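Q: Below is the file data_38.cif, with mmCIF, C-alpha atoms.
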```cif
data_data
loop_
_atom_site.label_atom_id
_atom_site.label_comp_id
_atom_site.auth_asym_id
_atom_site.auth_seq_id
_atom_site.Cartn_x
_atom_site.Cartn_y
_atom_site.Cartn_z
CA MET A 5 21.10 -10.11 -7.83
CA GLY A 6 18.41 -12.62 -8.81
CA ASP A 7 14.77 -12.30 -7.86
CA ASN A 8 13.01 -14.71 -5.51
CA VAL A 9 10.20 -16.81 -6.95
CA SER A 10 7.13 -15.30 -5.31
CA PHE A 11 3.93 -13.35 -5.90
CA SER A 12 5.97 -10.21 -5.20
CA SER A 13 8.37 -10.94 -8.05
CA LEU A 14 5.43 -11.64 -10.36
CA PHE A 15 4.03 -8.23 -9.45
CA ARG A 16 7.33 -6.44 -10.09
CA ARG A 17 7.91 -8.20 -13.40
CA GLY A 18 4.35 -8.08 -14.69
CA LYS A 19 2.23 -5.41 -16.33
CA TYR A 20 0.81 -4.30 -12.98
CA ALA A 21 4.06 -2.66 -11.82
CA ARG A 22 4.81 -0.81 -15.07
CA PRO A 23 1.98 1.54 -15.94
CA ASP A 24 2.58 3.66 -19.03
CA VAL A 25 1.11 6.92 -17.77
CA GLN A 26 2.04 10.53 -17.17
CA GLU A 27 4.08 11.45 -14.08
CA SER A 28 1.11 13.05 -12.31
CA ASP A 29 -0.91 9.85 -12.59
CA LYS A 30 1.76 7.40 -11.42
CA GLU A 31 0.81 7.04 -7.77
CA GLU A 32 -2.92 6.60 -8.31
CA ASN A 33 -2.28 4.27 -11.23
CA LYS A 34 0.14 2.21 -9.14
CA ARG A 35 -2.53 1.77 -6.48
CA ASN A 36 -5.15 0.74 -9.05
CA ARG A 37 -2.72 -1.75 -10.55
CA PHE A 38 -1.94 -3.22 -7.16
CA GLU A 39 -5.65 -3.77 -6.54
CA GLU A 40 -5.90 -5.52 -9.92
CA PHE A 41 -2.88 -7.64 -9.02
CA SER A 42 -4.40 -8.60 -5.65
CA VAL A 43 -7.50 -9.91 -7.43
CA ALA A 44 -5.43 -12.00 -9.85
CA ALA A 45 -3.13 -13.28 -7.08
CA VAL A 46 -6.01 -14.36 -4.82
CA ALA A 47 -7.70 -16.10 -7.75
CA PHE A 48 -4.45 -17.92 -8.61
CA ALA A 49 -4.00 -19.02 -4.99
CA MET A 50 -7.55 -20.34 -4.86
CA LYS A 51 -7.05 -22.30 -8.07
CA HIS A 52 -3.85 -24.00 -6.86
CA ASP A 53 -4.39 -24.26 -3.09
CA ASP A 54 -7.49 -26.28 -2.18
CA GLY A 55 -7.20 -25.39 1.50
CA PHE A 56 -7.07 -21.67 0.78
CA LYS A 57 -10.05 -21.91 -1.58
CA ARG A 58 -12.08 -23.78 1.04
CA TYR A 59 -11.19 -21.19 3.68
CA PHE A 60 -12.04 -18.30 1.34
CA LEU A 61 -15.43 -19.78 0.50
CA GLU A 62 -16.27 -20.66 4.09
CA ARG A 63 -14.95 -17.57 5.92
CA ILE A 64 -15.03 -14.74 3.38
CA CYS A 65 -18.00 -15.86 1.28
CA GLU A 66 -19.95 -17.50 4.15
CA VAL A 67 -20.71 -20.61 2.11
CA THR A 68 -22.51 -23.07 4.34
CA ILE A 69 -21.05 -26.47 5.16
CA PRO A 70 -20.98 -29.04 3.64
CA PHE A 71 -19.79 -27.96 0.21
CA ASN A 72 -17.35 -29.03 -2.45
CA PRO A 73 -14.79 -26.28 -3.27
CA ASP A 74 -14.28 -27.80 -6.73
CA ALA A 75 -17.92 -27.03 -7.53
CA TYR A 76 -17.15 -23.30 -7.47
CA GLU A 77 -15.84 -21.85 -10.70
CA ILE A 78 -13.59 -18.78 -10.46
CA PHE A 79 -14.10 -15.91 -12.91
CA LEU A 80 -11.50 -13.13 -12.93
CA GLN A 81 -12.87 -9.63 -13.55
CA PRO A 82 -16.00 -10.53 -15.55
CA HIS A 83 -18.28 -7.64 -16.50
CA ASP A 84 -17.61 -4.79 -14.01
CA PHE A 85 -16.85 -7.16 -11.13
CA ASP A 86 -13.42 -7.96 -9.67
CA MET A 87 -14.19 -11.65 -9.12
CA VAL A 88 -17.13 -14.03 -9.37
CA LEU A 89 -17.42 -17.45 -7.74
CA ARG A 90 -20.24 -19.55 -9.18
CA SER A 91 -21.60 -22.95 -8.25
CA GLU A 92 -24.32 -24.60 -10.29
CA MET A 93 -24.44 -27.45 -7.78
CA LYS A 94 -25.24 -25.12 -4.88
CA SER A 95 -26.94 -22.56 -7.12
CA GLU A 96 -24.82 -19.68 -5.77
CA TYR A 97 -23.54 -16.60 -7.57
CA ILE A 98 -20.99 -14.65 -5.49
CA VAL A 99 -19.43 -11.32 -6.46
CA ILE A 100 -16.35 -10.03 -4.58
CA GLU A 101 -15.18 -6.41 -4.80
CA PHE A 102 -11.55 -5.84 -3.76
CA LYS A 103 -10.48 -2.50 -2.25
CA VAL A 104 -7.06 -1.62 -0.84
CA TRP A 105 -6.94 2.19 -0.76
CA ALA A 106 -9.88 3.32 -2.88
CA LYS A 107 -13.36 3.84 -1.51
CA LEU A 108 -16.41 2.13 -2.93
CA ALA A 109 -18.07 4.04 -5.75
CA PRO A 110 -21.77 4.86 -5.17
CA HIS A 111 -22.93 2.10 -7.54
CA GLN A 112 -20.79 -0.41 -5.56
CA ASN A 113 -21.91 0.67 -2.09
CA TYR A 114 -24.78 -1.52 -0.93
CA TYR A 115 -25.16 0.12 2.49
CA GLU A 116 -24.84 3.87 1.96
CA ASN A 117 -26.17 4.07 -1.59
CA GLU A 118 -28.79 1.33 -1.81
CA GLN A 119 -30.87 3.16 -4.39
CA THR A 120 -27.89 3.57 -6.75
CA PHE A 121 -26.69 0.04 -5.96
CA THR A 122 -29.99 -1.45 -7.13
CA GLY A 123 -30.60 1.10 -9.90
CA LYS A 124 -28.36 3.39 -11.91
CA ASP A 125 -25.79 6.04 -11.05
CA THR A 126 -25.78 9.62 -12.35
CA ASN A 127 -24.05 8.47 -15.55
CA GLY A 128 -26.67 5.84 -16.25
CA LYS A 129 -24.42 2.97 -15.22
CA ASP A 130 -26.15 -0.04 -13.65
CA GLY A 131 -25.44 -0.46 -9.95
CA TYR A 132 -23.78 -3.66 -8.78
CA GLY A 133 -27.03 -4.96 -7.31
CA ARG A 134 -28.77 -4.57 -10.65
CA GLN A 135 -25.83 -6.25 -12.43
CA ILE A 136 -25.73 -9.13 -9.94
CA LEU A 137 -29.44 -9.67 -10.53
CA ASN A 138 -28.93 -9.75 -14.30
CA TYR A 139 -25.78 -11.88 -14.51
CA GLY A 140 -26.67 -14.19 -11.62
CA LYS A 141 -30.12 -14.96 -12.98
CA GLY A 142 -31.21 -18.53 -12.31
CA HIS A 143 -29.21 -18.92 -9.09
CA SER A 144 -31.16 -19.27 -5.87
CA THR A 145 -28.50 -17.47 -3.77
CA LEU A 146 -26.95 -14.16 -4.78
CA LYS A 147 -24.14 -12.66 -2.69
CA TYR A 148 -22.05 -9.51 -2.78
CA ILE A 149 -18.89 -9.21 -0.65
CA VAL A 150 -16.62 -6.21 -0.16
CA LEU A 151 -13.04 -7.15 0.80
CA ALA A 152 -11.37 -3.97 2.08
CA GLN A 153 -9.60 -2.27 4.96
CA ASN A 154 -11.24 -2.62 8.35
CA ARG A 155 -11.55 1.18 8.66
CA ASP A 156 -14.10 1.11 5.80
CA LYS A 157 -16.23 -1.58 7.44
CA LEU A 158 -19.90 -1.73 6.46
CA PRO A 159 -22.68 -3.64 8.27
CA SER A 160 -24.21 -6.66 6.60
CA LYS A 161 -27.46 -6.08 4.76
CA ILE A 162 -29.93 -8.02 2.65
CA ILE A 163 -30.89 -5.90 -0.36
CA SER A 164 -34.05 -6.41 -2.38
CA CYS A 165 -33.70 -5.79 -6.11
CA ASP A 166 -36.95 -6.29 -8.04
CA GLY A 167 -38.09 -8.60 -5.26
CA ILE A 168 -34.95 -10.77 -5.45
CA PHE A 169 -32.72 -10.76 -2.36
CA ILE A 170 -28.96 -10.17 -2.48
CA LYS A 171 -26.98 -10.98 0.67
CA CYS A 172 -24.33 -8.29 1.14
CA HIS A 173 -21.53 -8.18 3.69
CA PHE A 174 -18.06 -6.80 4.39
CA CYS A 175 -14.80 -8.63 5.18
CA ALA A 176 -11.52 -7.07 6.29
CA TRP A 177 -8.21 -8.13 4.73
CA GLN A 178 -6.97 -9.31 8.12
CA GLU A 179 -9.54 -12.12 8.04
CA LEU A 180 -7.62 -13.65 5.12
CA SER A 181 -4.47 -13.89 7.22
CA GLU A 182 -6.02 -16.35 9.64
CA THR A 183 -5.99 -19.04 6.96
CA THR A 184 -2.22 -19.58 7.06
CA THR A 185 -2.25 -21.13 10.51
CA ARG A 186 -3.55 -24.29 8.84
CA GLN A 187 -2.89 -23.92 5.11
CA GLY A 188 0.00 -24.24 2.69
CA LYS A 189 2.88 -22.34 1.12
CA ILE A 190 0.92 -20.69 -1.68
CA ALA A 191 -1.47 -18.94 0.71
CA ASN A 192 1.42 -17.87 2.94
CA ASP A 193 3.40 -16.46 0.02
CA LEU A 194 0.31 -14.66 -1.30
CA LEU A 195 -0.36 -12.90 2.00
CA ASP A 196 3.32 -12.13 2.65
CA SER A 197 3.44 -10.41 -0.74
CA LEU A 198 0.22 -8.45 -0.22
CA ALA A 199 1.46 -7.36 3.22
CA SER A 200 3.80 -4.82 1.63
CA ASP A 201 0.84 -2.62 0.66
CA ILE A 202 -2.17 -3.70 2.70
CA PRO A 203 -2.13 -2.21 6.24
CA GLU A 204 -4.10 -5.04 7.87
CA LEU A 205 -1.53 -7.58 6.67
CA LYS A 206 1.64 -5.63 7.52
CA ILE A 207 2.06 -7.43 10.83
CA ARG A 208 3.05 -10.48 8.75
CA GLN A 209 6.31 -8.73 7.85
CA PHE A 210 7.38 -9.12 11.46
CA PHE A 211 6.48 -12.77 11.98
CA ASN A 212 9.35 -15.09 12.94
CA MET A 213 11.51 -12.15 14.05
CA LYS A 214 13.43 -12.01 17.34
CA LYS A 215 14.75 -8.50 17.92
CA SER A 216 15.29 -8.16 21.68
CA LYS A 217 19.09 -8.32 21.28
CA PHE A 218 18.97 -5.11 19.21
CA VAL A 219 17.17 -3.01 21.82
CA VAL A 220 20.27 -0.91 22.64
CA ASP A 221 20.96 -0.10 18.97
CA ALA A 222 17.31 0.73 18.34
CA THR A 223 17.14 3.03 21.37
CA GLU A 224 20.38 4.81 20.51
CA SER A 225 19.34 5.31 16.87
CA TYR A 226 15.99 6.75 17.92
CA ASN A 227 17.56 9.12 20.45
CA LEU A 228 20.25 10.26 18.00
CA LEU A 229 17.74 11.19 15.31
CA ARG A 230 15.47 12.91 17.85
CA GLU A 231 18.22 14.93 19.50
CA VAL A 232 19.63 16.12 16.15
CA TRP A 233 16.33 17.79 15.25
CA LYS A 234 16.27 20.87 17.48
CA PRO A 235 19.91 22.03 17.19
CA ALA A 236 19.96 21.32 13.45
CA THR A 237 16.71 23.13 12.66
CA GLY A 238 16.25 25.60 15.50
CA SER A 239 12.73 24.28 15.98
CA LYS A 240 11.05 24.16 19.38
CA SER A 241 8.68 21.41 18.33
CA ASP A 242 9.34 17.67 18.49
CA PRO A 243 10.43 15.84 15.33
CA ASP A 244 7.94 14.01 13.13
CA PHE A 245 9.25 10.46 12.73
CA TYR A 246 8.59 8.63 9.48
CA ILE A 247 9.29 4.90 9.67
CA GLY A 248 8.30 2.32 7.09
CA ARG A 249 9.05 -0.66 4.92
CA ASN A 250 8.08 -1.99 1.53
CA GLU A 251 9.06 -4.96 -0.62
CA ASN A 252 12.61 -3.70 -1.24
CA ASP A 253 13.47 -0.98 1.27
CA CYS A 254 13.05 0.01 4.90
CA TRP A 255 13.64 3.36 6.58
CA PHE A 256 13.73 4.94 10.03
CA GLY A 257 13.98 8.69 10.29
CA VAL A 258 12.48 12.15 10.61
CA ASN A 259 10.49 14.30 8.18
CA LEU A 260 11.97 17.68 7.31
CA ASN A 261 9.02 20.02 7.50
CA GLU A 262 8.54 23.75 7.91
CA LYS A 263 6.87 23.55 11.31
CA GLY A 264 8.83 26.34 12.98
CA VAL A 265 11.78 25.73 10.63
CA GLU A 266 12.99 27.73 7.65
CA PHE A 267 14.44 26.00 4.60
CA VAL A 268 14.03 28.92 2.24
CA GLY A 269 16.21 27.45 -0.50
CA LEU A 270 14.54 24.07 -0.76
CA PRO A 271 11.69 23.32 -3.20
CA LYS A 272 8.31 24.32 -1.80
CA HIS A 273 5.37 21.96 -1.50
CA GLY A 274 1.80 22.13 -0.30
CA SER A 275 1.00 23.33 3.19
CA GLY A 276 1.95 20.69 5.73
CA ASP A 277 3.91 18.58 3.26
CA SER A 278 7.45 17.46 4.06
CA LEU A 279 10.37 19.08 2.25
CA GLY A 280 12.51 16.03 2.81
CA TRP A 281 13.65 13.42 5.30
CA TYR A 282 16.74 12.32 7.21
CA GLY A 283 17.64 9.03 8.87
CA TYR A 284 18.71 5.44 8.34
CA GLU A 285 17.63 3.27 5.43
CA LYS A 286 18.29 -0.07 3.81
CA THR A 287 17.92 -0.07 0.05
CA LEU A 288 17.25 -2.63 -2.68
CA GLU A 289 21.01 -2.91 -3.31
CA ASP A 290 21.40 -4.06 0.31
CA ARG A 291 23.02 -0.79 1.31
CA ASN A 292 22.65 0.29 4.93
CA ARG A 293 23.15 4.03 4.96
CA LEU A 294 22.54 7.35 6.68
CA SER A 295 21.06 9.91 4.32
CA VAL A 296 19.18 13.16 3.84
CA TRP A 297 16.45 13.30 1.18
CA ILE A 298 15.23 16.45 -0.55
CA TYR A 299 11.83 16.11 -2.23
CA CYS A 300 11.33 17.90 -5.55
CA ARG A 301 8.03 18.31 -7.36
CA ASN A 302 9.37 17.08 -10.69
CA GLU A 303 12.57 16.03 -12.44
CA GLN A 304 13.17 19.53 -13.84
CA GLU A 305 13.18 20.98 -10.33
CA ALA A 306 15.56 18.24 -9.18
CA ILE A 307 17.97 19.03 -12.03
CA LYS A 308 17.86 22.74 -11.12
CA THR A 309 18.30 22.17 -7.37
CA SER A 310 21.06 19.54 -7.49
CA PRO A 311 24.04 21.86 -8.33
CA ILE A 312 22.90 24.40 -5.72
CA ILE A 313 22.93 21.75 -3.01
CA GLU A 314 26.30 20.49 -4.24
CA ASN A 315 27.73 23.99 -4.00
CA TYR A 316 26.59 24.52 -0.39
CA LEU A 317 27.20 21.02 0.94
CA GLY A 318 30.32 20.18 -1.06
CA GLN A 319 28.73 16.91 -2.10
CA LYS A 320 26.84 15.94 -5.24
CA PRO A 321 23.41 14.47 -4.40
CA GLU A 322 22.26 11.19 -5.87
CA ARG A 323 19.10 11.25 -7.96
CA GLN A 324 16.12 8.94 -7.58
CA ASP A 325 13.34 9.94 -9.95
CA LYS A 326 12.46 13.47 -8.79
CA ASP A 327 14.18 13.31 -5.38
CA LEU A 328 17.73 14.20 -4.34
CA ILE A 329 19.66 12.12 -1.79
CA ILE A 330 22.71 13.17 0.20
CA VAL A 331 24.42 10.01 1.44
CA CYS A 332 26.86 9.85 4.35
CA ASP A 333 30.32 8.46 3.59
CA GLU A 334 31.12 6.57 6.79
CA GLN A 335 34.82 6.60 5.98
CA LYS A 336 34.90 10.41 6.06
CA SER A 337 32.37 11.22 8.79
CA VAL A 338 33.27 11.51 12.47
CA GLY A 339 29.85 10.34 13.61
CA ASP A 340 26.22 10.24 12.52
CA ALA A 341 25.02 13.14 14.68
CA GLU A 342 27.87 15.41 13.56
CA TRP A 343 27.25 14.60 9.90
CA LEU A 344 23.50 15.24 10.13
CA LEU A 345 23.96 18.52 12.03
CA SER A 346 26.39 19.77 9.40
CA LYS A 347 24.28 18.83 6.36
CA ILE A 348 20.94 20.07 7.70
CA GLN A 349 22.38 23.37 8.92
CA LYS A 350 23.97 23.99 5.52
CA LEU A 351 20.67 23.21 3.79
CA ARG A 352 19.11 25.99 5.88
CA GLU A 353 21.75 28.44 4.60
CA ILE A 354 20.73 28.04 0.96
CA PRO A 355 19.04 31.26 -0.19
CA PRO A 356 15.71 31.29 -2.04
CA ILE A 357 16.05 29.72 -5.49
CA GLU A 358 14.91 32.04 -8.25
#
```
Take the structure I supplied and represent it as structure tokens, if you would.

A:
Amino acid sequence: MGDNVSFSSLFRRGKYARPDVQESDKEENKRNRFEEFSVAAVAFAMKHDDGFKRYFLERICEVTIPFNPDAYEIFLQPHDFDMVLRSEMKSEYIVIEFKVWAKLAPHQNYYENEQTFTGKDTNGKDGYGRQILNYGKGHSTLKYIVLAQNRDKLPSKIISCDGIFIKCHFCAWQELSETTTRQGKIANDLLDSLASDIPELKIRQFFNMKKSKFVVDATESYNLLREVWKPATGSKSDPDFYIGRNENDCWFGVNLNEKGVEFVGLPKHGSGDSLGWYGYEKTLEDRNRLSVWIYCRNEQEAIKTSPIIENYLGQKPERQDKDLIIVCDEQKSVGDAEWLLSKIQKLREIPPIE
């Protein structure tokens, strides 16, 4: 199947999606790479969509009207900064720091760590305020903007660094989304692509949908998964639903956890972590399926656990990285509830793995 031409496909096919790191570093590295990609993608959109650039300068950067967007040069990751917008005509030097999951480091935090921001951190590294003063020298207006999740919101503040003022403020990702009510395809594609990983933009995934005709199916699916939980696990607690979607897949189901439930033969994880999951999913290959996932800590554990599960369930699990997946064969199953009850109960019968 071919890939659509979009920012998302650029991300998947580019260096950002393929970090060459150890297994233990993959998740954190993936998040860092996505933040780097978001910077590059926003810069590209600004370069090729005049309306988006004007909106970004006016709303995110608080550039006063009138102004000429073409007068602002875009610099991608200069020095330690994510992005710099510079106008000699308006004598403005604007630094934007992008954050998706990560918190601001002390030397980046203008509000909570002003002394480090305008000086040096414990490692002797210049704070962003000090760097903005140095690199923006000669500009009458210096600005620093944090673009991050709304939960990390910081108040605006004017910081003095060696007697020079730096205007600092925070913008949430959701403020970017407002641009597409009046702008073009590039901005829309950019934000649709970023919506897969940025919480404030996720609502975009549901635009232009009409789902009222599926209310019966949705209700029945929810009730089926909920009612399977207690007889299958023997738990007295309510199930913990885990529902989500990313660029390629979507899923609707229940976490298998040890809250009042014993799965002595499944791989153990940290306290409170899920051992697995069961429910409905749609995969990259366009497969709609009912499945049970077993989470393993590494590939070696998955290789060791797979034949044990096959022996007890009479079905060889599929492998995806370090996880094992038991997939329902609709041609052989009587019904979804019966299949789930059978598989989960048999998983509970597996003795401790030595």

Q: Using all atoms listed in the file, can you tell me which of A:Ile313, A:Val258, A:Leu228, A:Ile354 comes closest to Glu342 of chain A?

A: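 Nearest candidate to Glu342 of chain A out of A:Ile313, A:Val258, A:Leu228, A:Ile354: A:Leu228.
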
Q: Tell me which of A:Lys217, A:Lys107, A:Arg208, A:Lys124 sits closest to Asp193 of chain A, counting all atoms listed in the file.

A: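 The answer is A:Arg208, which sits nearest to Asp193 of chain A.
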
Q: What is the atom CA of Cys165 of chain A to atom CA of Ser91 of chain A distance in Å?

A: 21.1 Å

Q: Measuring between all atoms listed in the file, which one of A:Ile247, A:Leu198, A:Ala236, A:Ile163 shows the shortest distance to Asn117 of chain A?

A: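 Of all the options, A:Ile163 lies closest to Asn117 of chain A.
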
Q: Taking the file as shown, what set of residues would the PyMOL selection byres ((chain A and resi 77) around 7) give back, as a ChimeraX atom specification?

A: /A:75-76,78-79,89-91

Q: Keeping only C-alpha atoms, write the selected residues as an mmCIF file, in the frame of the given file.

A:
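New file part-v1.cif:
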```cif
data_model
loop_
_atom_site.group_PDB
_atom_site.id
_atom_site.type_symbol
_atom_site.label_atom_id
_atom_site.label_comp_id
_atom_site.auth_asym_id
_atom_site.auth_seq_id
_atom_site.Cartn_x
_atom_site.Cartn_y
_atom_site.Cartn_z
ATOM 1 C CA ALA A 75 -17.920 -27.030 -7.530
ATOM 2 C CA TYR A 76 -17.150 -23.300 -7.470
ATOM 3 C CA ILE A 78 -13.590 -18.780 -10.460
ATOM 4 C CA PHE A 79 -14.100 -15.910 -12.910
ATOM 5 C CA LEU A 89 -17.420 -17.450 -7.740
ATOM 6 C CA ARG A 90 -20.240 -19.550 -9.180
ATOM 7 C CA SER A 91 -21.600 -22.950 -8.250
#
```

Q: How many Å lie between atom CA of Ser278 of chain A and atom CA of Pro243 of chain A, rounded to one decimal?

A: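 Atom CA of Pro243 of chain A lies at a distance of 11.8 Å from atom CA of Ser278 of chain A.
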
Q: Go through A:Leu180, A:Ala222, A:Cys254, A:Ile162 one by one, measure the shortest atom-to-atom distance of each to Glu62 of chain A using all atoms listed in the file, and give the residue with the smallest value.

A: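 Among A:Leu180, A:Ala222, A:Cys254, A:Ile162, it is A:Leu180 that comes nearest to Glu62 of chain A.
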
Q: Name the residues that the PyMOL selection byres ((chain A and resi 83) around 12) pulls out of this structure, and write them as a ChimeraX atom specification.

A: /A:79-82,84-88,99,130,132,135-136,138-140

Q: Which residue gives the smallest distance to Glu231 of chain A among A:Glu182, A:Glu285, A:Asp340, A:Asp125, with all atoms listed in the file counted?

A: A:Asp340

Q: For Pro355 of chain A, please output as a list in words all residues within 9 Å (counting only C-alpha atoms; exclusion window: fewer than 5 positions along the same chain).

A: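 Answer for this query is Phe267, Val268, Gly269 and Leu270 of chain A.
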
Q: Take the residues from that selection and write them out as a PDB file, in the frame of the given file, keeping C-alpha atoms.

A:
```
ATOM      1  CA  PHE A 267      14.440  26.000   4.600  1.00  0.00           C
ATOM      2  CA  VAL A 268      14.030  28.920   2.240  1.00  0.00           C
ATOM      3  CA  GLY A 269      16.210  27.450  -0.500  1.00  0.00           C
ATOM      4  CA  LEU A 270      14.540  24.070  -0.760  1.00  0.00           C
TER       5      LEU A 270
END
```

Q: Just checking: using only C-alpha atoms, which residue out of A:Leu345, A:Val150, A:Val296, A:Ile190 ends up closest to Thr237 of chain A?

A: A:Leu345

Q: Could you list the residues chosen by the PyMOL selection byres ((chain A and resi 67) around 12) in this structure as a short mmCIF file (atom, residue, chain, number, x, y, z; two decimals) with C-alpha atoms, in the frame of the given file?

A:
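Ended up saving to part_16.cif:
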```cif
data_model
loop_
_atom_site.label_atom_id
_atom_site.label_comp_id
_atom_site.auth_asym_id
_atom_site.auth_seq_id
_atom_site.Cartn_x
_atom_site.Cartn_y
_atom_site.Cartn_z
CA LYS A 57 -10.05 -21.91 -1.58
CA ARG A 58 -12.08 -23.78 1.04
CA TYR A 59 -11.19 -21.19 3.68
CA PHE A 60 -12.04 -18.30 1.34
CA LEU A 61 -15.43 -19.78 0.50
CA GLU A 62 -16.27 -20.66 4.09
CA ARG A 63 -14.95 -17.57 5.92
CA ILE A 64 -15.03 -14.74 3.38
CA CYS A 65 -18.00 -15.86 1.28
CA GLU A 66 -19.95 -17.50 4.15
CA THR A 68 -22.51 -23.07 4.34
CA ILE A 69 -21.05 -26.47 5.16
CA PRO A 70 -20.98 -29.04 3.64
CA PHE A 71 -19.79 -27.96 0.21
CA ASN A 72 -17.35 -29.03 -2.45
CA PRO A 73 -14.79 -26.28 -3.27
CA ALA A 75 -17.92 -27.03 -7.53
CA TYR A 76 -17.15 -23.30 -7.47
CA LEU A 89 -17.42 -17.45 -7.74
CA ARG A 90 -20.24 -19.55 -9.18
CA SER A 91 -21.60 -22.95 -8.25
CA LYS A 94 -25.24 -25.12 -4.88
CA SER A 95 -26.94 -22.56 -7.12
CA GLU A 96 -24.82 -19.68 -5.77
CA TYR A 97 -23.54 -16.60 -7.57
CA ILE A 98 -20.99 -14.65 -5.49
CA THR A 145 -28.50 -17.47 -3.77
CA LEU A 146 -26.95 -14.16 -4.78
CA LYS A 147 -24.14 -12.66 -2.69
CA ILE A 149 -18.89 -9.21 -0.65
CA LYS A 171 -26.98 -10.98 0.67
#
```

Q: Which value, in Å to one decimal, gives the distance between atom CA of Pro235 of chain A and atom CA of Glu353 of chain A?

A: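 That distance, rounded to one decimal, is 14.2 Å.
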
Q: Find the residues of segment 105-192 of chain A that sit at most 12 Å from segment 41-44 of chain A; for each, write down the nearest two atoms and how far apart they are in Å, to one decimal. Count only C-alpha atoms. Sort by chain, then by number going up, and give it as a Markdown table.

A:
```
| residue | atom | partner | partner_atom | distance |
| --- | --- | --- | --- | --- |
| A:Leu151 | CA | A:Val43 | CA | 10.3 |
| A:Ala152 | CA | A:Ser42 | CA | 11.4 |
| A:Trp177 | CA | A:Ser42 | CA | 11.1 |
```

Q: Restricting the output to C-alpha atoms, write the selected residues as a compact mmCIF listing (two decimals), keeping the file's coordinate frame.

A:
```
# COMPACT_ATOMS: atom_id res chain seq x y z
CA LEU A 151 -13.04 -7.15 0.80
CA ALA A 152 -11.37 -3.97 2.08
CA TRP A 177 -8.21 -8.13 4.73
```

Q: Please provide as a ChimeraX atom specification all residues within 8 Å of Val331 of chain A, with the sequence filter that same-chain residues fewer than 4 positions apart are discarded (counting only C-alpha atoms).

A: /A:293-296,321-322
